[in-house]
Amino acid sequence: MDRILVTEKIAPEGLATLQAAAEVDVKLDLDTAALNNAIRDYDALVVRSATKVTADVIAAGERLRVIGRAGTGVDNIDVEAATRLGIIVVNAPASNNVAVAELAIGLLLDLSRQITQSHQSVQANKWERSKFMGWEVRGKTLGLVGLGRIGSEVARRARGLEMHILAYDPVVSFDRAAQIGVEIVTIEELLVRSDVVSIHVPLIDSTRNLFDAARISQMKRGAYLVNASRGGIVDESALLAALESNHLGGAATDVYNTEPPSGNVLIGHPKVITTPHIGASTAEAQMQTGTDVAEGILAALSGGTPRYAVNAPFVAPEAWNVLGPYIRLGQQMGALCMQLIQGPVRSYELEYCGELAELDTHPVRLAVLQGLLTATSVERITPVNAPLIARERGLRINERTCPEAEDYAGLLIIRVNTADEQRVFCGAVLRDEPHIIQADGYWVDFIPSGELLFTYHRDRPGMIGRVGAILGAADVNISGMYVGRLAPREQAMMVLTLDETLSPVVLDQIRAEPDIEKAYAVSLIKFNQ
Ligand code: NAD
């Protein structure tokens with residue numbers, strides 16, 4: 001019988017599922033040395049977030065075949081080390097969805113009827129019936145920023161309340177949104193049209209301070225903001241200012257920049273409803289986390305496919321030499337497309353040309369998905385979980401092959417169909433290095449890695465110098481420059497590779513330059529397998 005070690009408390013239902021199929025030992029509070037020692041007798045390990053599953057622990061687990069994380073993030077597990085040793089890592093990312101969605105709907109209704117404020121008034125022995133005049137959510141427009149697992153559940157529930165629902169999510173397809181009765185729009189349109197905005201994005205670099213003073217000022221006058229996502233996404237001082245000036249009618253938040261939020265400017269404000277990060281705190285969510293991880297563990301132990309696997313070897317070592325560079329190309333092209341095209345996308349088309357068409361292109365497809373999703377996710381996206389997450393978002397990829405690859409041995413072409421245009425990116429492998437050779441119709445040639453600046457501008461004398469001067473003044477070093485243009489003094493694109501990360505302030509300075517139409521900072525990390 002398989003032996004399972006559980007080092008942190010999980011829901012009794014999860015434990016019972018494990019106990020029905022294996023011998024289970026619960027040993028809480030093991031220190032590192034004790035865990036290193038104990039692990040050698042077990043086939044599976046179940047943890048939450050406190051146990052550090054280091055490379056040493058994994059190496060000591062001579063029988064270990066699967067590690068389960070009862071929750072979402074796997075930061076406390078050395079997934080690389082596990083993958084190298086063929087140990088599967090499973091988690092339970094979907095168990096909180098309904099709990100958080102119901103809280104968001106609760107906060108929305110609380111804002112509309114001032115339930116919290118009127119409760120406080122009655123508790124203070126007051127009877128202020130005329131003060132608490134509310135508004136009905138029926139017929140109002142709800143804007144969901146982020147239409148992932150939780151955003152989609154909020155949408156389903158808001159439909160029951162007869163609300164009109166808009167969403168902005170750069171990954172979710174129009175078809176998927178239509179299935180759940182949501183209209184996909186740009187973030188600008190969402191802010192202008194929504195009576196209530198509810199935030200459901202992860203906290204990643206591109207969403208930090210997403211709701212800054214500028215975005216909040218784009219919201220409809222008198223609108224409401226609900227945040228049950230993560231602290232750091234809303235600029236709390238900017239929100240306070242918008243409430244004070246009556247630009248916003250109210251706000252509700254479950255999450256804070258620092259938690260617990262001592263001295264927080266929003267706490268105690270009469271227009272703000274605050275809860276102590278209780279989104280996932282339901283008996284059902286805790287139970288679901290336990291059972292999801294237990295089912296994942298048992299599926300892996302029996303040689304099946306766990307629903308929420310984080311890793312697994314996916315390319316045979318002998319195929320790696322030829323496919324490896326194309327996989328790296330696919331990852332970086334996916335990440336690049338997602339960061340350059342920030343609007344809603346209908347579908348993606350991948351074309352494999354030349355030698356690539358003759359290889360097993362499945363891992364390259366997974367690599368593109370991994371790149372696309374990593375740019376918008378806080379979760380660890382791997383070739384294993386990327387297809388599931390893509391399916392959840394309704395992300396559509398069509399594929400074709402072509403025997404010709406112009407002057408290259410092989411080409412990977414990504415065509416991105418947005419609401420009103422098709423954007424084309426083309427990559428090749430030269431001397432085992434991925435290269436982008438065409439971006440948005442411009443011929444360029446650069447290695448996609450590190451920090452990049454893209455400008456779309458009018459080709460004018462002095463343009464490159466002006467951008468260079470702004471970067472120089474900000475102490476940002478340029479390591480390479482690639483310019484493509486349609487014709488002299490017409491539309492042009494410049495790609496600069498940088499030694500330093502570009503700050504939003506410097507990017508705004510570049511965007512403010514005459515003749516610059518658009519500018520984007522792109523950050524291409526090295527992907528793990
Ligand atoms: P998810 O990964 O399923 O969905 C997030 C969605 O946001 C994705 O579809 C992604 O494409 C989209 N997205 C990424 N960047 C975006 C951007 N700039 N603009 C618009 N959309 C963007 O995540 P989830 O499970 O639905 O979780 C949503 C949030 O809820 C996360 O921040 C998570 O940490 C938080 N959460 C809060 C609690 C709580 O207790 N309050 C509990 C669980 C999760």
# chains A, B, ... in the order shown; residues from 1 in each chain; ligands from 1
call {"tool": "closest_atom_pairs", "arguments": {"of": "chain A", "to": "ligand 1", "cutoff": "6 Å", "atoms": "only C-alpha atoms and all ligand atoms", "output": "CSV"}}
result
residue,atom,partner,partner_atom_place_in_ligand_line,distance
A:Asn96,CA,ligand 1,43 (C),5.7
A:Val100,CA,ligand 1,42 (C),5.7
A:Val145,CA,ligand 1,20 (C),4.9
A:Gly146,CA,ligand 1,21 (N),3.6
A:Leu147,CA,ligand 1,9 (O),4.8
A:Gly148,CA,ligand 1,4 (O),3.2
A:Arg149,CA,ligand 1,26 (O),3.8
A:Ile150,CA,ligand 1,26 (O),3.6
A:Gly151,CA,ligand 1,26 (O),5.5
A:Tyr168,CA,ligand 1,20 (C),5.3
A:Asp169,CA,ligand 1,21 (N),3.7
A:Pro170,CA,ligand 1,11 (O),5.7
A:Val171,CA,ligand 1,11 (O),4.6
A:His200,CA,ligand 1,28 (C),4.2
A:Val201,CA,ligand 1,7 (O),3.8
A:Pro202,CA,ligand 1,32 (O),3.4
A:Leu203,CA,ligand 1,32 (O),5.4
A:Ser206,CA,ligand 1,18 (N),6.0
A:Thr207,CA,ligand 1,18 (N),5.1
A:Ala228,CA,ligand 1,41 (N),4.3
A:Ser229,CA,ligand 1,30 (O),3.7
A:Arg230,CA,ligand 1,32 (O),4.8
A:Asp254,CA,ligand 1,41 (N),5.7
A:His277,CA,ligand 1,40 (O),4.9
A:Ile278,CA,ligand 1,40 (O),5.0
A:Gly279,CA,ligand 1,40 (O),3.2
A:Ala280,CA,ligand 1,40 (O),4.5
A:Thr376,CA,ligand 1,14 (C),3.9
A:Ser377,CA,ligand 1,2 (O),5.5
call {"tool": "residues_around", "arguments": {"residues": "Leu395 (chain A)", "least_positions_apart": "2", "cutoff": "8 Å", "atoms": "only C-alpha atoms", "output": "list in words"}}
result
Val171, Val172, Ser173, Arg176, Ser347, Ala390, Arg391, Glu392, Arg393 and Ile397 of chain A
call {"tool": "closest_residue", "arguments": {"among": "A:Arg156, A:Arg193, A:His247, A:Arg40", "to": "Val98 (chain A)", "atoms": "only C-alpha atoms"}}
result
A:Arg156
call {"tool": "atom_distance", "arguments": {"atom1": "CA of Gln179 (chain A)", "atom2": "CA of Leu142 (chain A)"}}
result
16.9 Å
call {"tool": "atom_distance", "arguments": {"atom1": "CA of Gln438 (chain A)", "atom2": "CA of Ala521 (chain A)"}}
result
17.7 Å
call {"tool": "residues_around", "arguments": {"residues": "His269 (chain A)", "least_positions_apart": "2", "cutoff": "10 Å", "atoms": "only C-alpha atoms", "output": "ChimeraX atom specification"}}
result
/A:240,243-244,250-251,265-267,271-274
call {"tool": "write_last_selection", "arguments": {"atoms": "N, CA and C atoms", "output": "short mmCIF file (atom, residue, chain, number, x, y, z; two decimals), in the first residue's frame"}}
result
data_model
loop_
_atom_site.label_atom_id
_atom_site.label_comp_id
_atom_site.auth_asym_id
_atom_site.auth_seq_id
_atom_site.Cartn_x
_atom_site.Cartn_y
_atom_site.Cartn_z
N LEU A 240 -9.10 56.66 -2.05
CA LEU A 240 -9.62 57.55 -1.01
C LEU A 240 -9.94 58.93 -1.59
N LEU A 243 -13.11 58.92 -3.52
CA LEU A 243 -14.30 58.84 -2.66
C LEU A 243 -14.58 60.20 -2.01
N GLU A 244 -13.50 60.84 -1.58
CA GLU A 244 -13.64 62.15 -0.91
C GLU A 244 -14.20 63.20 -1.86
N GLY A 250 -18.74 54.69 -3.71
CA GLY A 250 -18.37 53.83 -2.58
C GLY A 250 -17.42 52.74 -3.04
N ALA A 251 -16.87 52.03 -2.07
CA ALA A 251 -15.95 50.95 -2.41
C ALA A 251 -16.04 49.88 -1.34
N VAL A 265 -5.64 53.96 5.09
CA VAL A 265 -6.44 55.18 4.88
C VAL A 265 -7.92 54.88 4.60
N LEU A 266 -8.22 53.66 4.16
CA LEU A 266 -9.61 53.36 3.79
C LEU A 266 -10.45 52.93 5.00
N ILE A 267 -9.75 52.45 6.03
CA ILE A 267 -10.49 51.88 7.16
C ILE A 267 -11.19 52.98 7.95
N LYS A 271 -17.74 55.59 3.35
CA LYS A 271 -18.20 55.03 2.07
C LYS A 271 -17.50 53.71 1.74
N VAL A 272 -16.73 53.18 2.71
CA VAL A 272 -15.96 51.97 2.40
C VAL A 272 -16.39 50.81 3.29
N ILE A 273 -16.60 49.66 2.65
CA ILE A 273 -16.90 48.44 3.41
C ILE A 273 -15.64 47.58 3.40
N THR A 274 -15.25 47.13 4.58
CA THR A 274 -13.99 46.39 4.67
C THR A 274 -14.22 45.02 5.31
#
call {"tool": "residues_around", "arguments": {"residues": "Leu359 (chain A)", "least_positions_apart": "4", "cutoff": "12 Å", "atoms": "only C-alpha atoms", "output": "mmCIF file with all heavy atoms, in the first residue's frame"}}
result
data_model
loop_
_atom_site.group_PDB
_atom_site.id
_atom_site.type_symbol
_atom_site.label_atom_id
_atom_site.label_comp_id
_atom_site.auth_asym_id
_atom_site.auth_seq_id
_atom_site.Cartn_x
_atom_site.Cartn_y
_atom_site.Cartn_z
ATOM 1 N N VAL A 315 9.003 16.518 -22.988
ATOM 2 C CA VAL A 315 9.732 16.277 -24.243
ATOM 3 C C VAL A 315 10.776 15.206 -23.959
ATOM 4 O O VAL A 315 11.539 15.308 -22.993
ATOM 5 C CB VAL A 315 10.452 17.557 -24.722
ATOM 6 C CG1 VAL A 315 11.232 17.276 -25.995
ATOM 7 C CG2 VAL A 315 9.459 18.674 -24.955
ATOM 8 N N ALA A 319 14.670 14.242 -28.217
ATOM 9 C CA ALA A 319 14.047 15.219 -29.123
ATOM 10 C C ALA A 319 14.415 16.648 -28.732
ATOM 11 O O ALA A 319 14.179 17.593 -29.476
ATOM 12 C CB ALA A 319 12.523 15.051 -29.092
ATOM 13 N N TRP A 320 14.998 16.788 -27.536
ATOM 14 C CA TRP A 320 15.203 18.116 -26.981
ATOM 15 C C TRP A 320 16.164 18.969 -27.821
ATOM 16 O O TRP A 320 15.960 20.163 -28.012
ATOM 17 C CB TRP A 320 15.696 17.997 -25.537
ATOM 18 C CG TRP A 320 15.777 19.339 -24.887
ATOM 19 C CD1 TRP A 320 16.881 20.064 -24.639
ATOM 20 C CD2 TRP A 320 14.669 20.136 -24.452
ATOM 21 N NE1 TRP A 320 16.556 21.264 -24.075
ATOM 22 C CE2 TRP A 320 15.200 21.334 -23.961
ATOM 23 C CE3 TRP A 320 13.285 19.968 -24.450
ATOM 24 C CZ2 TRP A 320 14.400 22.349 -23.459
ATOM 25 C CZ3 TRP A 320 12.493 20.974 -23.952
ATOM 26 C CH2 TRP A 320 13.041 22.148 -23.465
ATOM 27 N N ASN A 321 17.228 18.323 -28.374
ATOM 28 C CA ASN A 321 18.235 19.078 -29.127
ATOM 29 C C ASN A 321 17.618 19.882 -30.261
ATOM 30 O O ASN A 321 17.948 21.044 -30.461
ATOM 31 C CB ASN A 321 19.286 18.131 -29.706
ATOM 32 C CG ASN A 321 20.258 17.733 -28.624
ATOM 33 O OD1 ASN A 321 20.227 18.328 -27.536
ATOM 34 N ND2 ASN A 321 21.077 16.721 -28.901
ATOM 35 N N VAL A 322 16.733 19.250 -31.024
ATOM 36 C CA VAL A 322 16.138 19.949 -32.163
ATOM 37 C C VAL A 322 14.967 20.816 -31.712
ATOM 38 O O VAL A 322 14.838 21.970 -32.125
ATOM 39 C CB VAL A 322 15.584 18.937 -33.204
ATOM 40 C CG1 VAL A 322 15.325 19.628 -34.534
ATOM 41 C CG2 VAL A 322 16.493 17.766 -33.352
ATOM 42 N N LEU A 323 14.144 20.265 -30.818
ATOM 43 C CA LEU A 323 12.922 20.997 -30.460
ATOM 44 C C LEU A 323 13.169 22.110 -29.449
ATOM 45 O O LEU A 323 12.448 23.105 -29.430
ATOM 46 C CB LEU A 323 11.906 20.029 -29.853
ATOM 47 C CG LEU A 323 10.834 19.487 -30.771
ATOM 48 C CD1 LEU A 323 9.891 18.602 -29.970
ATOM 49 C CD2 LEU A 323 10.036 20.590 -31.460
ATOM 50 N N GLY A 324 14.203 21.940 -28.610
ATOM 51 C CA GLY A 324 14.458 22.882 -27.509
ATOM 52 C C GLY A 324 14.438 24.344 -27.947
ATOM 53 O O GLY A 324 13.699 25.155 -27.371
ATOM 54 N N TYR A 326 13.085 25.712 -30.547
ATOM 55 C CA TYR A 326 11.742 26.109 -31.000
ATOM 56 C C TYR A 326 10.801 26.259 -29.804
ATOM 57 O O TYR A 326 9.890 27.085 -29.817
ATOM 58 C CB TYR A 326 11.167 25.087 -31.984
ATOM 59 C CG TYR A 326 11.776 25.208 -33.364
ATOM 60 C CD1 TYR A 326 12.635 24.240 -33.856
ATOM 61 C CD2 TYR A 326 11.507 26.323 -34.166
ATOM 62 C CE1 TYR A 326 13.213 24.361 -35.102
ATOM 63 C CE2 TYR A 326 12.083 26.455 -35.417
ATOM 64 C CZ TYR A 326 12.935 25.472 -35.880
ATOM 65 O OH TYR A 326 13.506 25.609 -37.116
ATOM 66 N N ILE A 327 11.015 25.426 -28.779
ATOM 67 C CA ILE A 327 10.190 25.560 -27.572
ATOM 68 C C ILE A 327 10.486 26.912 -26.912
ATOM 69 O O ILE A 327 9.574 27.655 -26.541
ATOM 70 C CB ILE A 327 10.446 24.381 -26.614
ATOM 71 C CG1 ILE A 327 9.814 23.123 -27.212
ATOM 72 C CG2 ILE A 327 9.888 24.647 -25.222
ATOM 73 C CD1 ILE A 327 10.157 21.849 -26.507
ATOM 74 N N TYR A 352 3.472 26.291 -38.514
ATOM 75 C CA TYR A 352 4.791 25.678 -38.382
ATOM 76 C C TYR A 352 5.330 25.475 -39.790
ATOM 77 O O TYR A 352 4.700 24.778 -40.606
ATOM 78 C CB TYR A 352 4.682 24.326 -37.679
ATOM 79 C CG TYR A 352 3.864 24.363 -36.408
ATOM 80 C CD1 TYR A 352 2.575 23.839 -36.368
ATOM 81 C CD2 TYR A 352 4.376 24.934 -35.244
ATOM 82 C CE1 TYR A 352 1.820 23.870 -35.198
ATOM 83 C CE2 TYR A 352 3.623 24.970 -34.071
ATOM 84 C CZ TYR A 352 2.351 24.437 -34.059
ATOM 85 O OH TYR A 352 1.609 24.470 -32.907
ATOM 86 N N CYS A 353 6.488 26.068 -40.099
ATOM 87 C CA CYS A 353 6.975 26.022 -41.474
ATOM 88 C C CYS A 353 8.346 25.344 -41.543
ATOM 89 O O CYS A 353 9.122 25.368 -40.573
ATOM 90 C CB CYS A 353 7.122 27.433 -42.038
ATOM 91 S SG CYS A 353 5.652 28.424 -41.851
ATOM 92 N N GLY A 354 8.649 24.796 -42.737
ATOM 93 C CA GLY A 354 9.959 24.212 -42.996
ATOM 94 C C GLY A 354 10.222 23.020 -42.095
ATOM 95 O O GLY A 354 9.338 22.194 -41.862
ATOM 96 N N GLU A 355 11.446 22.937 -41.537
ATOM 97 C CA GLU A 355 11.806 21.765 -40.716
ATOM 98 C C GLU A 355 10.891 21.600 -39.506
ATOM 99 O O GLU A 355 10.643 20.506 -39.037
ATOM 100 C CB GLU A 355 13.275 21.821 -40.263
ATOM 101 C CG GLU A 355 13.552 22.911 -39.235
ATOM 102 C CD GLU A 355 14.930 22.792 -38.565
ATOM 103 O OE1 GLU A 355 15.762 22.001 -39.015
ATOM 104 O OE2 GLU A 355 15.150 23.543 -37.584
ATOM 105 N N PRO A 363 4.742 20.047 -28.412
ATOM 106 C CA PRO A 363 5.417 20.811 -27.346
ATOM 107 C C PRO A 363 5.575 22.290 -27.684
ATOM 108 O O PRO A 363 5.605 23.122 -26.778
ATOM 109 C CB PRO A 363 6.800 20.137 -27.252
ATOM 110 C CG PRO A 363 6.623 18.794 -27.856
ATOM 111 C CD PRO A 363 5.573 18.942 -28.904
ATOM 112 N N VAL A 364 5.673 22.632 -28.963
ATOM 113 C CA VAL A 364 5.820 24.046 -29.339
ATOM 114 C C VAL A 364 4.488 24.770 -29.087
ATOM 115 O O VAL A 364 4.456 25.897 -28.597
ATOM 116 C CB VAL A 364 6.255 24.179 -30.821
ATOM 117 C CG1 VAL A 364 6.389 25.647 -31.211
ATOM 118 C CG2 VAL A 364 7.565 23.435 -31.043
ATOM 119 N N ARG A 365 3.399 24.096 -29.388
ATOM 120 C CA ARG A 365 2.075 24.676 -29.114
ATOM 121 C C ARG A 365 1.929 24.933 -27.606
ATOM 122 O O ARG A 365 1.494 26.004 -27.177
ATOM 123 C CB ARG A 365 1.000 23.692 -29.580
ATOM 124 C CG ARG A 365 -0.388 24.111 -29.286
ATOM 125 C CD ARG A 365 -1.336 23.008 -29.760
ATOM 126 N NE ARG A 365 -2.678 23.511 -29.916
ATOM 127 C CZ ARG A 365 -3.563 23.605 -28.952
ATOM 128 N NH1 ARG A 365 -3.249 23.208 -27.740
ATOM 129 N NH2 ARG A 365 -4.753 24.086 -29.182
ATOM 130 N N THR A 401 0.434 23.675 -40.992
ATOM 131 C CA THR A 401 1.851 23.501 -41.342
ATOM 132 C C THR A 401 2.053 23.962 -42.774
ATOM 133 O O THR A 401 1.111 24.041 -43.562
ATOM 134 C CB THR A 401 2.275 22.031 -41.229
ATOM 135 O OG1 THR A 401 1.375 21.253 -42.013
ATOM 136 C CG2 THR A 401 2.261 21.540 -39.809
ATOM 137 N N PRO A 403 5.277 23.550 -45.838
ATOM 138 C CA PRO A 403 6.611 22.979 -46.080
ATOM 139 C C PRO A 403 7.681 24.049 -46.315
ATOM 140 O O PRO A 403 8.856 23.839 -46.063
ATOM 141 C CB PRO A 403 6.414 22.112 -47.333
ATOM 142 C CG PRO A 403 5.123 22.546 -47.935
ATOM 143 C CD PRO A 403 4.306 23.213 -46.884
ATOM 144 N N GLY A 410 13.501 26.683 -40.413
ATOM 145 C CA GLY A 410 12.134 26.528 -39.908
ATOM 146 C C GLY A 410 11.613 27.874 -39.437
ATOM 147 O O GLY A 410 12.408 28.755 -39.087
ATOM 148 N N LEU A 411 10.304 28.025 -39.461
ATOM 149 C CA LEU A 411 9.698 29.281 -39.002
ATOM 150 C C LEU A 411 8.495 28.964 -38.134
ATOM 151 O O LEU A 411 7.758 28.014 -38.415
ATOM 152 C CB LEU A 411 9.158 30.094 -40.184
ATOM 153 C CG LEU A 411 10.113 30.914 -41.032
ATOM 154 C CD1 LEU A 411 9.320 31.614 -42.141
ATOM 155 C CD2 LEU A 411 10.828 31.961 -40.184
#
call {"tool": "select_by_dssp", "arguments": {"residues": "region 101-319 of chain A", "states": "helix (DSSP H, G or I)", "output": "number ranges by chain"}}
result
A: 101-113, 115-123, 149-160, 174-179, 187-193, 205-207, 213-218, 236-244, 283-301, 317-319
call {"tool": "closest_residue", "arguments": {"among": "A:Ala81, A:Met463, A:Ala44, A:Leu18", "to": "Ile58 (chain A)", "atoms": "only C-alpha atoms"}}
result
A:Ala81
call {"tool": "residues_around", "arguments": {"residues": "Gln339 (chain A)", "least_positions_apart": "2", "cutoff": "9 Å", "atoms": "only C-alpha atoms", "output": "MDAnalysis selection string"}}
result
chainID A and resid 334:337 341:342 372 375:376 520:523
call {"tool": "write_last_selection", "arguments": {"atoms": "all heavy atoms", "output": "compact mmCIF listing (two decimals), in the first residue's frame"}}
result
# COMPACT_ATOMS: atom_id res chain seq x y z
N GLY A 334 5.02 33.80 -27.38
CA GLY A 334 3.73 33.88 -26.69
C GLY A 334 3.73 35.02 -25.69
O GLY A 334 2.81 35.85 -25.64
N ALA A 335 4.80 35.11 -24.89
CA ALA A 335 4.88 36.17 -23.86
C ALA A 335 4.93 37.54 -24.52
O ALA A 335 4.31 38.50 -24.04
CB ALA A 335 6.11 35.94 -22.99
N LEU A 336 5.64 37.63 -25.64
CA LEU A 336 5.76 38.91 -26.37
C LEU A 336 4.40 39.34 -26.91
O LEU A 336 3.98 40.49 -26.74
CB LEU A 336 6.76 38.72 -27.51
CG LEU A 336 7.00 39.92 -28.40
CD1 LEU A 336 7.78 40.97 -27.63
CD2 LEU A 336 7.80 39.51 -29.64
N CYS A 337 3.68 38.41 -27.55
CA CYS A 337 2.36 38.75 -28.13
C CYS A 337 1.45 39.26 -27.03
O CYS A 337 0.75 40.26 -27.19
CB CYS A 337 1.70 37.53 -28.76
SG CYS A 337 2.47 37.03 -30.28
N ILE A 341 -0.03 42.97 -27.25
CA ILE A 341 -1.43 43.09 -27.65
C ILE A 341 -2.25 43.03 -26.38
O ILE A 341 -2.55 41.96 -25.87
CB ILE A 341 -1.84 41.94 -28.59
CG1 ILE A 341 -0.89 41.94 -29.78
CG2 ILE A 341 -3.29 42.08 -29.03
CD1 ILE A 341 -1.03 40.77 -30.67
N GLN A 342 -2.60 44.17 -25.87
CA GLN A 342 -3.23 44.14 -24.55
C GLN A 342 -4.75 44.12 -24.64
O GLN A 342 -5.43 44.10 -23.64
CB GLN A 342 -2.71 45.31 -23.72
CG GLN A 342 -1.21 45.14 -23.51
CD GLN A 342 -0.57 46.25 -22.71
OE1 GLN A 342 -1.23 47.20 -22.31
NE2 GLN A 342 0.73 46.15 -22.49
N LEU A 372 1.91 32.76 -23.49
CA LEU A 372 0.73 33.64 -23.50
C LEU A 372 0.16 33.78 -22.09
O LEU A 372 -0.16 34.87 -21.64
CB LEU A 372 -0.36 33.05 -24.41
CG LEU A 372 -0.15 33.14 -25.92
CD1 LEU A 372 -1.19 32.30 -26.65
CD2 LEU A 372 -0.23 34.59 -26.38
N ALA A 375 2.28 35.62 -18.99
CA ALA A 375 2.30 37.08 -18.94
C ALA A 375 1.09 37.64 -18.19
O ALA A 375 1.06 38.81 -17.86
CB ALA A 375 2.35 37.64 -20.36
N THR A 376 0.07 36.82 -17.95
CA THR A 376 -1.13 37.34 -17.29
C THR A 376 -1.50 36.54 -16.06
O THR A 376 -2.64 36.59 -15.61
CB THR A 376 -2.33 37.27 -18.26
OG1 THR A 376 -2.44 35.93 -18.72
CG2 THR A 376 -2.20 38.22 -19.41
N TYR A 520 5.58 50.27 -25.69
CA TYR A 520 5.32 49.20 -24.72
C TYR A 520 6.64 48.71 -24.13
O TYR A 520 7.62 48.54 -24.86
CB TYR A 520 4.65 47.99 -25.38
CG TYR A 520 3.31 48.30 -25.97
CD1 TYR A 520 3.19 48.58 -27.33
CD2 TYR A 520 2.18 48.34 -25.17
CE1 TYR A 520 1.95 48.89 -27.88
CE2 TYR A 520 0.94 48.65 -25.72
CZ TYR A 520 0.83 48.92 -27.07
OH TYR A 520 -0.38 49.22 -27.60
N ALA A 521 6.62 48.46 -22.83
CA ALA A 521 7.76 47.78 -22.20
C ALA A 521 7.40 46.30 -22.14
O ALA A 521 6.30 45.94 -21.74
CB ALA A 521 7.96 48.33 -20.80
N VAL A 522 8.33 45.46 -22.54
CA VAL A 522 8.08 44.02 -22.54
C VAL A 522 9.19 43.36 -21.73
O VAL A 522 10.35 43.72 -21.86
CB VAL A 522 8.08 43.47 -23.99
CG1 VAL A 522 8.10 41.96 -24.01
CG2 VAL A 522 6.87 44.00 -24.75
N SER A 523 8.79 42.44 -20.87
CA SER A 523 9.77 41.77 -20.02
C SER A 523 9.70 40.28 -20.33
O SER A 523 8.66 39.66 -20.14
CB SER A 523 9.35 42.06 -18.59
OG SER A 523 10.37 41.76 -17.74
call {"tool": "closest_residue", "arguments": {"among": "A:Glu295, A:Glu358, A:Asp212, A:Asp475", "to": "Leu15 (chain A)", "atoms": "only C-alpha atoms"}}
result
A:Glu295
call {"tool": "select_by_dssp", "arguments": {"residues": "region 63-257 of chain A", "states": "strand (DSSP E or B)", "output": "VMD selection string"}}
result
chain A and resid 66 to 69 77 88 to 90 141 to 145 164 to 168 183 to 184 196 to 199 211 223 to 227 234 248 to 253
call {"tool": "closest_residue", "arguments": {"among": "A:Glu451, A:Asp407, A:Glu128, A:Asp499", "to": "Leu430 (chain A)", "atoms": "only C-alpha atoms"}}
result
A:Asp407
call {"tool": "closest_residue", "arguments": {"among": "A:Asp445, A:Glu513, A:Asp440, A:Glu80", "to": "Val467 (chain A)", "atoms": "only C-alpha atoms"}}
result
A:Glu513
call {"tool": "closest_residue", "arguments": {"among": "A:Leu5, A:Leu356, A:Met494, A:Ala487", "to": "Ala428 (chain A)", "atoms": "only C-alpha atoms"}}
result
A:Leu356
